[in-house]
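Heads up, the thing below is written out as C-alpha cells.
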Amino acid sequence: MNKIKSLDDLRKMKQNLSSDISIREKSNNPEKMVQIRVAMATCGIAAGAREVMNTFLEKIEKDSLPIVVTQGGCMGYCYAEPTVEVKVPGKDPVVFGHVDSKVALEIVDKYIVKGELIDGILPVNYQTIQEKA
Amino acid sequence: MAQIKMHLLVCGGTGCRASESKRLVDELNAQLKANNLDEEVKVIITGCFGFCEKGPIVKVIPDNTFYTKVKPEDAEEIVEEHVLKGRKVTRLLYENPETKEHVSDSKHMGFYQKQVRIALRNCGFIDPENIEEYIVRDGYAALGKVLSMTPAEAIDIVKKSGLRGRGGAGFPTGLKWEIASKNKADQKYVVCNADEGDPGAFMDRSILEGDPNSIVEAMAICGYCIGATKGLIYIRAEYPLAIKRLQVAIGQAREFGLLGPKILGSDFDFDIELRYGAGAFVCGEETALIHSMEGKRGEPTIKPPFPAEAGYLGKPSNVNNVETFANIPAIFLKGWEWFSSIGTEKSKGTKVFALAGKINNVGLIEVPMGTTLREVIFEIGGGIKGGKKFKAVQTGGPSGGCLTEQHLDTPIDYDNLVAAGSMMGSGGMIVMDEDDCMVSVAKFYLDFIVEESCGKCAPCRIGNKRMHETLEKICQGKGTMEDLDYLDNLSKVIKDTALCGLGQTSPNPVLSTMQYFRDEYLAHVVDKKCPAGRCKALRSYVINADKCMGCTLCAKNCPTSAITGDKKVPHVIDQSKCIKCGTCYEKCKFGAIEIR
C-alpha cells in the first residue's frame with residue numbers, strides 16, 4: 001500500500017474509492033434524489049429486468065448521476081414488463097413499460113436529465129414511491 | 001464484473017454479535033452465492049445501529065429496509081424474496097408498537113426521526129475494519145485541514161464550537177487543549193479515556209466498534225494542537241471487540257501513513273498505543289486513569305496538579321473521553337459555526353444516550369442538546385415497557401440522580417441536569433416504572449459505589465459503606481426517622497470531603513431519591529411497607545380466600561410448611577413461619593396469592 005503523502009493524495013484516494021460507498025450515501029436522502037424502481041418479480045426478471053437494472057447502474061456510475069436505483073415487486077403490469085417507476089423530486093412518479101436497455105438509457109438521458117417525456121408511460125394505479133413517503 | 005446494486009448492512013456490534021450476527025453474515029453470503037448474486041450484492045459488517053432492542057439488524061441499501069431480530073435461518077428468505085424478487089419480508093420489518101403496522105424503512109421509524117448523528121455518524125454505515133470506507137466519508141480530511149493551520153488556530157476552532165467533555169463533568173474541551181498546549185515539555189501525551197464504567201452505558205464501546213478511525217484521527221488532531229507526538233488509549237480489557245477494531249484501525253492508519261512520521265507531508269509525527277484497564281470504575285477519573293497506565297494502583301490524587309501540567313509519567317497530558325473525540329473531526333469538516341448552531345446556549349452539539357431499563361427501545365441514540373426527556377423516552381425510546389407508568393429516569397450513572405415526571409419537559413443539557421439534582425455523566429439513562437422501589441434503586445447504586453470505591457479516602461470508603469448499611473436497614477423495615485436525617489447529613493459530608501469525583505458525587509442517587517421520593521422512604525420507615533412490593537422483608541404474601549380453590553399446590557411446595565388448609569377449602573399462610581420466598585406465588589394457578 002502506498003502511503004498517503006498529502007491532503008491531495010487523500011482527496012484523490014477518496015475520489016477513487018467513492019463509488020464503493022456511493023450507494024449508501026445516496027440512500028441517506030432518497031427523497032432528494034431521482035429514484036428509479038425496477039420491478040423485479042418473476043415476470044419482470046423473465047422479461048429482462050435484470051439487464052435493465054444493470055444498464056441503469058452502469059449508466060449512473062459512468063456519468064456519476066445522483067440517482068438511486070431500487071428494486072420493487074410485481075406492480076401488476078405483467079403484460080408490459082419490464083416496468084420501471086421513476087420519481088423525480090418535485091414531480092409525480094411515472095411508470096414506463098416494455099423497458100429494455102435502449103429505453104433505459106433513453107429514460108435517463110431524456111426524461112431524467114433533460115426533462116422530456118418519452119413513449120411507454122403507463123397509467124399509475126397502485127401505491128407509488130411518493131404516497132408511501 | 002456485474003454492477004453492485006445492493007448492500008446488506010449487518011450489525012457487527014457486541015450486542016448483535018451475541019445474537020449470532022456473524023453466522024447470519026456467513027449464511028447471507030452463502031445464499032447470495034447459491035443464487036449467483038454474490039457479484040451484485042455486497043454484505044457489509046458495520047458497527048452498531050443503536051436499535052439494540054431488536055437486534056440483530058440487517059439494513060438493505062439503497063431502499064433502507066430495516067429488518068429486525070434476524071436469525072441466520074432468515075437469510076434464505078431475505079435473499080430469495082427481497083434481493084431476488086424485490087418483495088420485502090414483512091414479518092421481519094419493525095412493527096410500530098402503537099399502530100401495530102410494519103414500518104417499511106428506517107426513514108419512517110420514530111426511533112431515527114428525531115436523532116441527529118454526529119458522534120455516531122459512521123456507526124451502522126461503514127465497515128469499521130476498512131479504513132478506505134472511512135476515508136470516503138471524508139475521513140482524515142479534518143486532520144489534513146488542521147495540519148495546514150497553526151495549533152493555536154485549531155484550538156480556537158474547538159473553543160468556538162463550544163464542545164464540552166462528554167465523559168461527565170462537561171469541561172470545555174478547547175480550554176483543556178489550550179492549557180495543555182501552553183505547558184512546555186519535551187514530551188506530551190494525548191490520552192483517550194475509553195474506560196466506560198457507568199452501569200448501562202455503552203456509547204464509547206459502540207463508537208470504538210463502529211467507527212474506530214474517527215478516534216484515531218481526532219487524537220492525532222489533538223496531538224498536533226497541544227504539541228504531543230504520542231497518544232494512548234486507555235480501554236477496559238472487557239471490550240475485546242472494540243480493542244480488536246482499534247488495533248485494526250491503528251494498523252491500517254500506519255500502513256496508509258496517517259499515523260507515524262511526517263503525517264500527510266507535514267512535519268508532524270504521531271502514533272497511538274493501547275493501554276488496557278481491568279475495568280475499575282474509579283479509573284474513569286483522569287488522575288486514577290493515569291496512575292493505572294503508569295502501572296500503579298488505580299487511585300486518584302488531588303488536583304492540582306492537573307494532568308495538563310503533570311500527567312502521564314509527569315508530563316503534560318490531555319485526557320478526553322471517546323465521545324468527545326468522536327465530535328472533533330466533524331467540527332473541523334463542517335465548521336464551528338455549524339456545531340455551535342446545534343444545542344442550547346451553554347451546551348452545544350449533540351449527546352449520545354444509552355437507553356436501558358423499562359423502556360421499549362433499548363439502544364443507543366444521539367440527539368441535539370436541549371431535547372426533552374419526554375422526547376427521548378416516549379418518542380425515540382417508544383415509551384415504557386408493557387404500558388406501565390413512568391416513574392423515574394436515572395441519568396449520569398452512579399454519580400447522577402433520579403429525575404421524575406416533573407422533569408420530563410426539561411431540555412436536557414449539562415446545566416439543567418445539574419440544577420435538577422442529577423448530571424449528564426457519560427449518558428446512561430435507566431428508565432424505571434411503577435414497579436421499581438426507589439430505596440432499592442438508591443441501594444443498588446451504593447452497592448456499586450461500595451464495590452468500586454478505591455478506598456484511598458475515608459469519606460468514600462467508610463461513608464458510603466455506612467450509607468449502604470443504613471439503606472439496607474430501611475429496606476429490612478428496621479429504619480427510623482433518625483436514619484433519614486443521618487443519610488442526609490452523611491451525604492453532605494461525603495460530598496464536601498471526598499477526594500475525587502467518584503466520592504464527591506456518590507451520594508447523588510440517595511439525595512435525589514430522598515428529595516423526589518421522600519414519601520417512599522417514609523412508607524418504608526413509618527408504615528414498614530414497600531409501595532412497589534420490591535423489598536422482600538416488607539412484603540407479605542396473603543391468600544385471597546375468594547380465589548383460592550384449595551388445590552393444596554402451594555402448601556405442598558412451601559419449604560417451611562407455613563401454609564395450612566384442607567382440600568377444597570381456602571388455605572392460610574402463617575406469617576410467622578413465612579420466609580417470603582415467593583414459591584407459593586409462582587406455583588398458584590388461580591392467582592389467589594397476593595403480595596401486600
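Each chain in the C-alpha cells gets a letter, A, B, ..., in the order shown, and its residues are numbered from 1; ligands are numbered from 1 in order too.
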
Identify, on the basis of only C-alpha atoms, every residue whose closest approach to region 328-342 of chain B does not exceed 6 Å; exclude the query and any residue fewer than 3 positions from it along the same chain; express the result as a ChimeraX atom specification.
/B:142,157,161,218,325,348-349

*asked:* Residues of chain A within 7 Å of chain B, counting only C-alpha atoms - could you list those as number ranges by chain?
replied: A: 1-7, 14, 17-18, 23-24, 27, 40-42, 54, 57-58, 68, 70-73

- request: Would you list the contacts of region 149-151 of chain B as a list in words, taking every protein, DNA or RNA residue within 12 Å and counting only C-alpha atoms, but skipping same-chain residues closer than 6 positions in sequence?
  value: Ala142, Leu143, Ile157, Val158, Gly174, Trp177, Glu178, Ala180, Ser181, Lys182, Ala220, Ile221, Cys222, Gly223, Tyr224, Cys225, Ile226, Gly227, Ala228, Ser266, Phe268 and Phe332 of chain B

Just write the chosen residues, N, CA and C atoms, as a PDB file, in the first residue's frame.
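Once written, part28.pdb looks like this:
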```pdb
ATOM      1  N   ALA B 142     -10.183  16.117   7.977  1.00  0.00           N
ATOM      2  CA  ALA B 142     -10.114  17.112   9.044  1.00  0.00           C
ATOM      3  C   ALA B 142      -8.677  17.237   9.545  1.00  0.00           C
ATOM      4  N   LEU B 143      -7.992  16.101   9.658  1.00  0.00           N
ATOM      5  CA  LEU B 143      -6.596  16.133  10.086  1.00  0.00           C
ATOM      6  C   LEU B 143      -5.764  16.924   9.070  1.00  0.00           C
ATOM      7  N   ILE B 157     -10.766  27.041  17.071  1.00  0.00           N
ATOM      8  CA  ILE B 157     -11.985  26.491  16.454  1.00  0.00           C
ATOM      9  C   ILE B 157     -12.717  25.583  17.451  1.00  0.00           C
ATOM     10  N   VAL B 158     -11.946  24.748  18.147  1.00  0.00           N
ATOM     11  CA  VAL B 158     -12.575  23.855  19.137  1.00  0.00           C
ATOM     12  C   VAL B 158     -13.227  24.694  20.245  1.00  0.00           C
ATOM     13  N   GLY B 174     -11.966  22.836  24.307  1.00  0.00           N
ATOM     14  CA  GLY B 174     -10.979  23.750  23.731  1.00  0.00           C
ATOM     15  C   GLY B 174     -10.062  24.339  24.793  1.00  0.00           C
ATOM     16  N   TRP B 177      -7.524  21.812  25.930  1.00  0.00           N
ATOM     17  CA  TRP B 177      -6.438  21.690  24.949  1.00  0.00           C
ATOM     18  C   TRP B 177      -5.480  22.879  25.063  1.00  0.00           C
ATOM     19  N   GLU B 178      -6.067  24.058  25.261  1.00  0.00           N
ATOM     20  CA  GLU B 178      -5.242  25.258  25.322  1.00  0.00           C
ATOM     21  C   GLU B 178      -4.275  25.200  26.506  1.00  0.00           C
ATOM     22  N   ALA B 180      -3.153  22.524  27.996  1.00  0.00           N
ATOM     23  CA  ALA B 180      -2.114  21.518  27.723  1.00  0.00           C
ATOM     24  C   ALA B 180      -1.105  22.051  26.715  1.00  0.00           C
ATOM     25  N   SER B 181      -1.583  22.846  25.745  1.00  0.00           N
ATOM     26  CA  SER B 181      -0.651  23.313  24.714  1.00  0.00           C
ATOM     27  C   SER B 181       0.323  24.345  25.276  1.00  0.00           C
ATOM     28  N   LYS B 182      -0.110  25.071  26.310  1.00  0.00           N
ATOM     29  CA  LYS B 182       0.754  26.129  26.834  1.00  0.00           C
ATOM     30  C   LYS B 182       1.832  25.621  27.769  1.00  0.00           C
ATOM     31  N   ALA B 220      -5.000  12.383  16.738  1.00  0.00           N
ATOM     32  CA  ALA B 220      -3.887  12.985  16.003  1.00  0.00           C
ATOM     33  C   ALA B 220      -4.077  14.501  15.920  1.00  0.00           C
ATOM     34  N   ILE B 221      -5.336  14.922  15.707  1.00  0.00           N
ATOM     35  CA  ILE B 221      -5.617  16.363  15.665  1.00  0.00           C
ATOM     36  C   ILE B 221      -5.251  16.998  17.011  1.00  0.00           C
ATOM     37  N   CYS B 222      -5.675  16.348  18.082  1.00  0.00           N
ATOM     38  CA  CYS B 222      -5.383  16.857  19.426  1.00  0.00           C
ATOM     39  C   CYS B 222      -3.870  16.919  19.650  1.00  0.00           C
ATOM     40  N   GLY B 223      -3.176  15.870  19.192  1.00  0.00           N
ATOM     41  CA  GLY B 223      -1.714  15.821  19.346  1.00  0.00           C
ATOM     42  C   GLY B 223      -1.053  17.021  18.684  1.00  0.00           C
ATOM     43  N   TYR B 224      -1.509  17.327  17.468  1.00  0.00           N
ATOM     44  CA  TYR B 224      -0.952  18.470  16.749  1.00  0.00           C
ATOM     45  C   TYR B 224      -1.222  19.762  17.522  1.00  0.00           C
ATOM     46  N   CYS B 225      -2.445  19.872  18.054  1.00  0.00           N
ATOM     47  CA  CYS B 225      -2.830  21.106  18.740  1.00  0.00           C
ATOM     48  C   CYS B 225      -2.025  21.343  20.014  1.00  0.00           C
ATOM     49  N   ILE B 226      -1.823  20.288  20.796  1.00  0.00           N
ATOM     50  CA  ILE B 226      -1.163  20.502  22.087  1.00  0.00           C
ATOM     51  C   ILE B 226       0.341  20.240  22.004  1.00  0.00           C
ATOM     52  N   GLY B 227       0.803  19.757  20.860  1.00  0.00           N
ATOM     53  CA  GLY B 227       2.225  19.501  20.714  1.00  0.00           C
ATOM     54  C   GLY B 227       2.654  18.154  21.272  1.00  0.00           C
ATOM     55  N   ALA B 228       1.801  17.142  21.113  1.00  0.00           N
ATOM     56  CA  ALA B 228       2.145  15.795  21.578  1.00  0.00           C
ATOM     57  C   ALA B 228       2.390  14.903  20.373  1.00  0.00           C
ATOM     58  N   SER B 266       3.485  16.681   6.314  1.00  0.00           N
ATOM     59  CA  SER B 266       3.826  17.767   7.238  1.00  0.00           C
ATOM     60  C   SER B 266       5.030  17.347   8.089  1.00  0.00           C
ATOM     61  N   PHE B 268       4.656  16.810  11.231  1.00  0.00           N
ATOM     62  CA  PHE B 268       4.012  16.316  12.445  1.00  0.00           C
ATOM     63  C   PHE B 268       4.086  14.784  12.526  1.00  0.00           C
ATOM     64  N   PHE B 332     -14.230  20.157  12.549  1.00  0.00           N
ATOM     65  CA  PHE B 332     -13.294  20.757  11.589  1.00  0.00           C
ATOM     66  C   PHE B 332     -13.809  20.671  10.159  1.00  0.00           C
TER      67      PHE B 332
END
```

- Task: Enumerate, as a ChimeraX atom specification, the complete set of residues in region 9-119 of chain A that a backbone-based DSSP assignment places in helix (DSSP H, G or I).
- Result: /A:9-28,30-32,42-46,49-63,78-80,101-114

Correct to one decimal, the distance CA of Lys492 (chain B)-CA of Gly279 (chain B) is 28.2 Å

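For the atom pair formed by CA of Ser19 (chain B) and CA of Pro56 (chain B), the distance is 6.4 Å, given to one decimal.
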
- What lies within 8 Å of region 98-113 of chain A using only C-alpha atoms, ignoring chain neighbours under 4 positions off, as a ChimeraX atom specification? /A:34,48-49,51-52,55-56,59,80-84,88,117-118,120

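From CA of Asn193 (chain B) back to CA of Thr287 (chain B), the distance works out to 11.1 Å.
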
* Can you pull out every residue within 10 Å of region 233-239 of chain B, counting only C-alpha atoms, but drop anything in the same chain fewer than 4 positions away, and send it as a PyMOL selection string? => chain B and resi 14+190-197+204-205+208-209+215-216+219+243-244+246+272-280+283-284+289-290+292-293+319-322

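Residue nearest Pro316 (chain B) within the list B:Glu20, B:Asp186, B:Asp409, B:Asp436: B:Asp186 [criterion: smallest interatomic distance, only C-alpha atoms].
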
Test item, strand (DSSP E) assignment across chain A, answer as an NGL selection string:
:A and (34-39 or 67-72 or 84-87 or 94-96 or 121-122)

- Task: Skip Glu469 (chain B) itself and residues of its chain fewer than 6 positions away, then list as JSON, numbers by chain all residues within 10 Å of it, counting only C-alpha atoms.
- Result: {"B": [443, 446, 447, 463, 475]}
